[in-house]
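Novice: One file: input04.cif (mmCIF, C-alpha atoms).
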```cif
data_final
#
loop_
_atom_site.label_atom_id
_atom_site.label_comp_id
_atom_site.auth_asym_id
_atom_site.auth_seq_id
_atom_site.Cartn_x
_atom_site.Cartn_y
_atom_site.Cartn_z
CA MET A 1 9.61 30.17 19.49
CA GLU A 2 9.83 26.88 21.38
CA GLU A 3 10.02 24.89 18.16
CA ALA A 4 12.49 27.19 16.41
CA GLY A 5 15.62 25.35 17.56
CA VAL A 6 14.29 21.95 16.53
CA ALA A 7 13.02 23.30 13.21
CA ALA A 8 16.43 24.81 12.53
CA GLY A 9 18.06 21.52 13.47
CA LYS A 10 15.75 19.64 11.12
CA SER A 11 16.50 22.00 8.21
CA LEU A 12 20.23 21.92 8.81
CA GLY A 13 20.18 18.16 9.24
CA ALA A 14 18.45 17.75 5.89
CA ALA A 15 20.92 20.11 4.22
CA LEU A 16 23.94 18.29 5.62
CA GLY A 17 22.53 14.80 5.25
CA ALA A 18 23.00 14.61 9.01
CA TRP A 19 21.41 12.54 11.73
CA LEU A 20 19.02 14.46 13.98
CA VAL A 21 19.91 13.35 17.51
CA PHE A 22 18.13 14.13 20.81
CA GLU A 23 19.88 13.75 24.15
CA ASP A 24 18.73 13.32 27.76
CA GLU A 25 19.64 11.72 31.11
CA ALA A 26 17.48 10.00 33.72
CA GLY A 27 17.81 7.87 36.83
CA VAL A 28 16.30 4.53 37.81
CA SER A 29 16.31 3.52 41.47
CA MET A 30 16.15 0.17 43.27
CA THR A 31 12.67 1.10 44.48
CA PRO A 32 10.65 -0.07 41.46
CA ALA A 33 7.80 1.72 39.76
CA ARG A 34 4.41 0.12 40.22
CA ALA A 35 2.59 -1.16 37.15
CA ARG A 36 -0.51 -3.21 36.46
CA THR A 37 0.03 -6.94 36.42
CA TRP A 38 -1.86 -10.20 36.56
CA GLY A 39 -2.86 -11.81 39.84
CA ARG A 40 -5.27 -14.35 41.25
CA ARG A 41 -8.69 -12.96 42.01
CA GLY A 42 -8.85 -11.64 45.56
CA ARG A 43 -5.08 -11.80 46.03
CA THR A 44 -3.30 -8.54 45.32
CA PRO A 45 0.30 -9.18 44.13
CA VAL A 46 2.87 -7.85 46.61
CA VAL A 47 6.49 -7.08 45.73
CA ARG A 48 8.77 -6.70 48.75
CA VAL A 49 11.72 -4.34 48.26
CA ARG A 50 14.50 -2.88 50.38
CA GLY A 51 12.97 0.48 51.21
CA ARG A 52 16.16 2.02 52.59
CA SER A 53 18.25 1.58 49.47
CA ARG A 54 19.20 4.84 47.74
CA ARG A 55 21.22 3.09 45.04
CA ARG A 56 20.31 3.97 41.47
CA VAL A 57 21.49 3.88 37.90
CA SER A 58 21.88 7.03 35.84
CA ILE A 59 21.43 6.50 32.13
CA ALA A 60 22.19 8.89 29.26
CA ALA A 61 20.55 8.21 25.92
CA LEU A 62 20.44 9.49 22.36
CA THR A 63 17.55 8.95 19.95
CA CYS A 64 18.81 9.22 16.38
CA TYR A 65 16.73 9.90 13.26
CA LYS A 66 17.43 10.25 9.56
CA PRO A 67 15.08 9.86 6.59
CA GLY A 68 15.54 6.48 4.93
CA GLU A 69 17.49 5.06 7.89
CA ARG A 70 16.41 2.90 10.82
CA SER A 71 15.99 5.04 13.91
CA ARG A 72 18.53 4.29 16.62
CA LEU A 73 18.75 4.37 20.40
CA ILE A 74 22.26 4.73 21.82
CA TYR A 75 22.65 4.69 25.59
CA ARG A 76 25.16 4.43 28.43
CA PRO A 77 24.26 3.46 32.03
CA ARG A 78 26.25 4.74 35.00
CA PRO A 79 25.71 2.85 38.30
CA ASP A 80 25.72 4.72 41.58
CA ASP A 81 29.16 4.30 43.19
CA GLY A 82 27.56 3.77 46.61
CA GLN A 83 29.69 6.40 48.32
CA GLY A 84 26.85 8.24 49.98
CA ARG A 85 24.88 11.42 49.28
CA ASN A 86 27.86 13.79 48.97
CA LYS A 87 30.66 11.48 47.85
CA GLY A 88 31.46 10.31 44.36
CA ARG A 89 29.75 11.27 41.10
CA LYS A 90 26.24 9.95 40.55
CA SER A 91 25.48 11.67 37.24
CA PHE A 92 27.32 12.12 33.97
CA ALA A 93 30.18 14.60 33.53
CA TRP A 94 30.53 16.60 30.33
CA THR A 95 33.32 14.23 29.30
CA ASP A 96 30.88 11.31 29.52
CA TYR A 97 28.49 13.13 27.16
CA ARG A 98 31.37 13.93 24.83
CA ASP A 99 32.38 10.26 24.69
CA LEU A 100 28.77 9.21 24.08
CA ILE A 101 28.44 11.66 21.18
CA VAL A 102 31.73 10.43 19.68
CA ALA A 103 30.52 6.82 20.00
CA ALA A 104 27.28 7.81 18.25
CA ARG A 105 29.25 9.41 15.42
CA ASN A 106 31.22 6.20 14.98
CA GLN A 107 28.04 4.11 14.89
CA LEU A 108 26.00 6.42 12.66
CA GLY A 109 28.81 7.22 10.25
CA GLY A 110 27.73 10.76 9.42
CA PRO A 111 27.39 14.32 10.74
CA ILE A 112 25.13 14.96 13.72
CA VAL A 113 22.72 17.76 14.56
CA LEU A 114 22.31 17.40 18.32
CA ILE A 115 19.29 18.72 20.25
CA SER A 116 19.85 18.82 24.02
CA ASP A 117 18.36 20.48 27.06
CA ASN A 118 19.92 23.20 29.19
CA LEU A 119 21.48 20.96 31.83
CA ASN A 120 24.58 22.71 33.15
CA THR A 121 26.74 19.75 32.14
CA HIS A 122 25.72 20.28 28.51
CA LEU A 123 26.76 23.93 28.78
CA ALA A 124 30.14 23.33 30.45
CA ALA A 125 33.16 25.16 29.06
CA GLY A 126 34.83 21.91 28.04
CA MET A 127 31.75 20.82 26.11
CA LYS A 128 31.56 24.18 24.32
CA GLU A 129 35.20 23.86 23.30
CA PHE A 130 34.60 20.33 22.04
CA ILE A 131 31.60 21.46 19.96
CA ALA A 132 33.52 24.40 18.51
CA ALA A 133 36.41 22.14 17.47
CA THR A 134 34.21 19.41 15.91
CA ASP A 135 33.20 19.96 12.29
CA TRP A 136 30.69 17.08 12.14
CA LEU A 137 28.63 18.29 15.14
CA THR A 138 26.06 21.09 15.31
CA VAL A 139 24.21 21.67 18.59
CA TYR A 140 20.91 23.35 19.45
CA GLN A 141 19.38 23.73 22.92
CA LEU A 142 15.76 23.03 23.71
CA PRO A 143 13.89 25.83 25.52
CA PRO A 144 13.95 25.60 29.34
CA TYR A 145 11.43 23.28 31.02
CA ALA A 146 10.28 21.61 27.79
CA PRO A 147 10.55 17.83 28.34
CA ASP A 148 7.55 17.32 26.06
CA LEU A 149 9.74 18.34 23.11
CA ASP A 150 12.38 15.66 23.72
CA PRO A 151 11.61 12.15 22.38
CA VAL A 152 14.08 10.63 24.85
CA GLU A 153 11.49 11.38 27.55
CA GLY A 154 9.28 8.84 25.79
CA ILE A 155 12.08 6.29 26.02
CA TRP A 156 12.23 6.81 29.80
CA SER A 157 8.48 6.28 30.02
CA LEU A 158 8.70 3.01 28.07
CA LEU A 159 11.63 1.83 30.16
CA ARG A 160 10.21 2.65 33.59
CA ARG A 161 6.70 1.31 33.14
CA GLY A 162 7.90 -1.84 31.44
CA PHE A 163 11.07 -3.67 32.37
CA PRO A 164 12.02 -2.45 35.90
CA ALA A 165 8.39 -2.15 37.05
CA ASN A 166 7.24 -4.48 39.87
CA VAL A 167 10.74 -5.97 40.21
CA ALA A 168 12.33 -6.65 43.61
CA PHE A 169 15.97 -5.93 42.86
CA VAL A 170 18.44 -8.11 44.71
CA ASP A 171 21.37 -5.72 44.39
CA PRO A 172 22.57 -2.81 42.20
CA ASP A 173 23.97 -5.22 39.59
CA HIS A 174 20.48 -6.69 39.17
CA LEU A 175 19.16 -3.16 38.55
CA VAL A 176 21.88 -2.46 35.96
CA ARG A 177 21.18 -5.73 34.12
CA THR A 178 17.46 -4.98 34.03
CA VAL A 179 18.01 -1.46 32.67
CA ARG A 180 20.38 -2.78 30.00
CA ARG A 181 17.98 -5.54 28.99
CA GLY A 182 15.06 -3.13 28.72
CA SER A 183 17.09 -0.60 26.72
CA ARG A 184 18.26 -3.31 24.31
CA LYS A 185 14.68 -4.43 23.68
CA ILE A 186 13.71 -0.86 22.80
CA GLN A 187 16.77 -0.62 20.54
CA TYR A 188 15.50 -3.56 18.49
CA ARG A 189 12.10 -1.90 17.97
CA PRO A 190 12.71 1.23 15.89
CA GLN A 191 8.97 1.79 15.60
CA LEU A 192 8.96 2.59 19.34
CA ILE A 193 11.76 5.12 18.84
CA ASP A 194 9.79 6.66 15.95
CA GLY A 195 6.70 6.81 18.16
CA CYS A 196 8.59 8.79 20.81
CA LEU A 197 9.46 11.40 18.17
CA ALA A 198 5.90 11.51 16.83
CA ALA A 199 4.59 12.07 20.37
CA THR A 200 6.45 15.39 20.58
CA GLY A 201 4.36 16.74 17.69
CA LEU A 202 7.44 18.42 16.23
CA ILE A 203 8.43 16.24 13.28
CA THR A 204 6.28 13.79 11.37
CA ASP A 205 8.22 13.07 8.17
CA ILE A 206 11.14 11.05 9.57
CA ALA A 207 10.36 7.34 9.51
CA SER A 208 12.48 4.26 9.94
CA SER A 209 13.61 2.27 6.93
CA THR A 210 12.75 -1.40 7.40
#
```
For this file, produce the structure as structure tokens.
Specialist:
Amino acid sequence: MEEAGVAAGKSLGAALGAWLVFEDEAGVSMTPARARTWGRRGRTPVVRVRGRSRRRVSIAALTCYKPGERSRLIYRPRPDDGQGRNKGRKSFAWTDYRDLIVAARNQLGGPIVLISDNLNTHLAAGMKEFIAATDWLTVYQLPPYAPDLDPVEGIWSLLRRGFPANVAFVDPDHLVRTVRRGSRKIQYRPQLIDGCLAATGLITDIASST
């Protein structure tokens, strides 16, 4: 049952000649992840960071697949506005997701079968109206609590343990630049995007065209 929505999306995508697109959102904070690195023997590398900073970057991403086409990563970062715990929006609104999907349609140049999770923003009334009024978009929801079925989770893993790891961020702009740089590097390596899909175990016959 868990794979039914993705299987249906795959079948419909093939029938329509559509792109199969997965969607997710994550956050990266100014407190960096720790990762293995090189250091002189007997001297453990130390990275000093500002422990009190709650600033972060939210990032929404789409992984896009179609037989015979290079797999794509399309993303949008959203910096924390710095207005405190209860002021300002820190995550994406449904309108932000709508705009990201429209941008993906413009880049991909074809219909989209979108697979997303059950985040309340994805199920907002405005989003449902947008989906109903859009003839090039078909949407399926992943089952609840199933991050292992979403290849975008693999993108987050690559991003966090690579580019922002062990970095002492000077300010939020430094964090944003690092996230953008890391995301761009993944964009230019479609084999990594393919690997994230393969890791879900759901689909094995979509490969990038080189």
Novice: Could you check which of A:Pro79, A:Asp194, A:Asp150, A:Phe22 is closest to Arg177 of chain A, using only C-alpha atoms?
Specialist: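 Checking each of A:Pro79, A:Asp194, A:Asp150, A:Phe22 against Arg177 of chain A, counting only C-alpha atoms, the winner is A:Pro79.
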Novice: Let me make sure I understand: among A:Ser183, A:Gln191, A:Thr121, A:Thr138, which one has the smallest atom-to-atom distance to Arg76 of chain A if we use only C-alpha atoms?
Specialist: A:Ser183
Novice: I'd like to see the residues matched by the PyMOL selection byres ((chain A and resi 97) around 12) on this file, and ideally I'd get them as a JSON list (two decimals) with C-alpha atoms, in the frame of the given file.
Specialist:
```json
[["chain", "number", "residue", "atom", "x", "y", "z"],
["A", 23, "GLU", "CA", 19.88, 13.75, 24.15],
["A", 24, "ASP", "CA", 18.73, 13.32, 27.76],
["A", 25, "GLU", "CA", 19.64, 11.72, 31.11],
["A", 59, "ILE", "CA", 21.43, 6.50, 32.13],
["A", 60, "ALA", "CA", 22.19, 8.89, 29.26],
["A", 61, "ALA", "CA", 20.55, 8.21, 25.92],
["A", 62, "LEU", "CA", 20.44, 9.49, 22.36],
["A", 74, "ILE", "CA", 22.26, 4.73, 21.82],
["A", 75, "TYR", "CA", 22.65, 4.69, 25.59],
["A", 76, "ARG", "CA", 25.16, 4.43, 28.43],
["A", 77, "PRO", "CA", 24.26, 3.46, 32.03],
["A", 78, "ARG", "CA", 26.25, 4.74, 35.00],
["A", 91, "SER", "CA", 25.48, 11.67, 37.24],
["A", 92, "PHE", "CA", 27.32, 12.12, 33.97],
["A", 93, "ALA", "CA", 30.18, 14.60, 33.53],
["A", 94, "TRP", "CA", 30.53, 16.60, 30.33],
["A", 95, "THR", "CA", 33.32, 14.23, 29.30],
["A", 96, "ASP", "CA", 30.88, 11.31, 29.52],
["A", 98, "ARG", "CA", 31.37, 13.93, 24.83],
["A", 99, "ASP", "CA", 32.38, 10.26, 24.69],
["A", 100, "LEU", "CA", 28.77, 9.21, 24.08],
["A", 101, "ILE", "CA", 28.44, 11.66, 21.18],
["A", 102, "VAL", "CA", 31.73, 10.43, 19.68],
["A", 103, "ALA", "CA", 30.52, 6.82, 20.00],
["A", 104, "ALA", "CA", 27.28, 7.81, 18.25],
["A", 114, "LEU", "CA", 22.31, 17.40, 18.32],
["A", 116, "SER", "CA", 19.85, 18.82, 24.02],
["A", 119, "LEU", "CA", 21.48, 20.96, 31.83],
["A", 120, "ASN", "CA", 24.58, 22.71, 33.15],
["A", 121, "THR", "CA", 26.74, 19.75, 32.14],
["A", 122, "HIS", "CA", 25.72, 20.28, 28.51],
["A", 123, "LEU", "CA", 26.76, 23.93, 28.78],
["A", 124, "ALA", "CA", 30.14, 23.33, 30.45],
["A", 126, "GLY", "CA", 34.83, 21.91, 28.04],
["A", 127, "MET", "CA", 31.75, 20.82, 26.11],
["A", 128, "LYS", "CA", 31.56, 24.18, 24.32],
["A", 130, "PHE", "CA", 34.60, 20.33, 22.04],
["A", 131, "ILE", "CA", 31.60, 21.46, 19.96]]
```
Novice: Using only C-alpha atoms, can you tell me which of A:Leu202, A:Ala168, A:Ala133, A:Leu197 comes closest to Pro151 of chain A?
Specialist: A:Leu197
Novice: Translate the PyMOL selection byres ((chain A and resi 71) around 8), as applied to the file shown, into an explicit residue set as a list in words.
Specialist: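 Applying the PyMOL selection byres ((chain A and resi 71) around 8) to the structure shown produces Thr63, Cys64, Tyr65, Lys66, Glu69, Arg70, Arg72, Leu73, Pro190, Gln191, Ile193, Asp194, Ala207, Ser208 and Ser209 of chain A.
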Novice: Go through the shown structure with the PyMOL selection byres ((chain A and resi 112) around 8) and write out the matching residues as a list in words.
Specialist: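 Those residues are Gly13, Ala18, Trp19, Leu20, Val21, Arg105, Gly110, Pro111, Val113, Leu114, Trp136, Leu137 and Thr138 of chain A.
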Novice: What does the structure give for the distance between atom CA of Pro143 of chain A and atom CA of Asn118 of chain A, in Å to one decimal?
Specialist: 7.5 Å
Novice: Would you list the contacts of Val57 of chain A as a ChimeraX atom specification, taking every protein, DNA or RNA residue within 9 Å and counting only C-alpha atoms, but skipping same-chain residues closer than 2 positions in sequence?
Specialist: /A:26-30,55,59,77-80,90-91,172,175-176,179
Novice: State, in Å with one decimal place, the distance from atom CA of Phe163 of chain A to atom CA of Arg181 of chain A.
Specialist: 7.9 Å
Novice: May I have the residues within 12 Å of Ala199 of chain A as number ranges by chain, using all atoms listed in the file and disregarding those fewer than 3 positions away in the same chain?
Specialist: A: 147-155, 157, 192-196, 202-204
Novice: Between atom CA of Arg41 of chain A and atom CA of Gly162 of chain A, measure the distance and give it in Å to one decimal.
Specialist: 22.6 Å
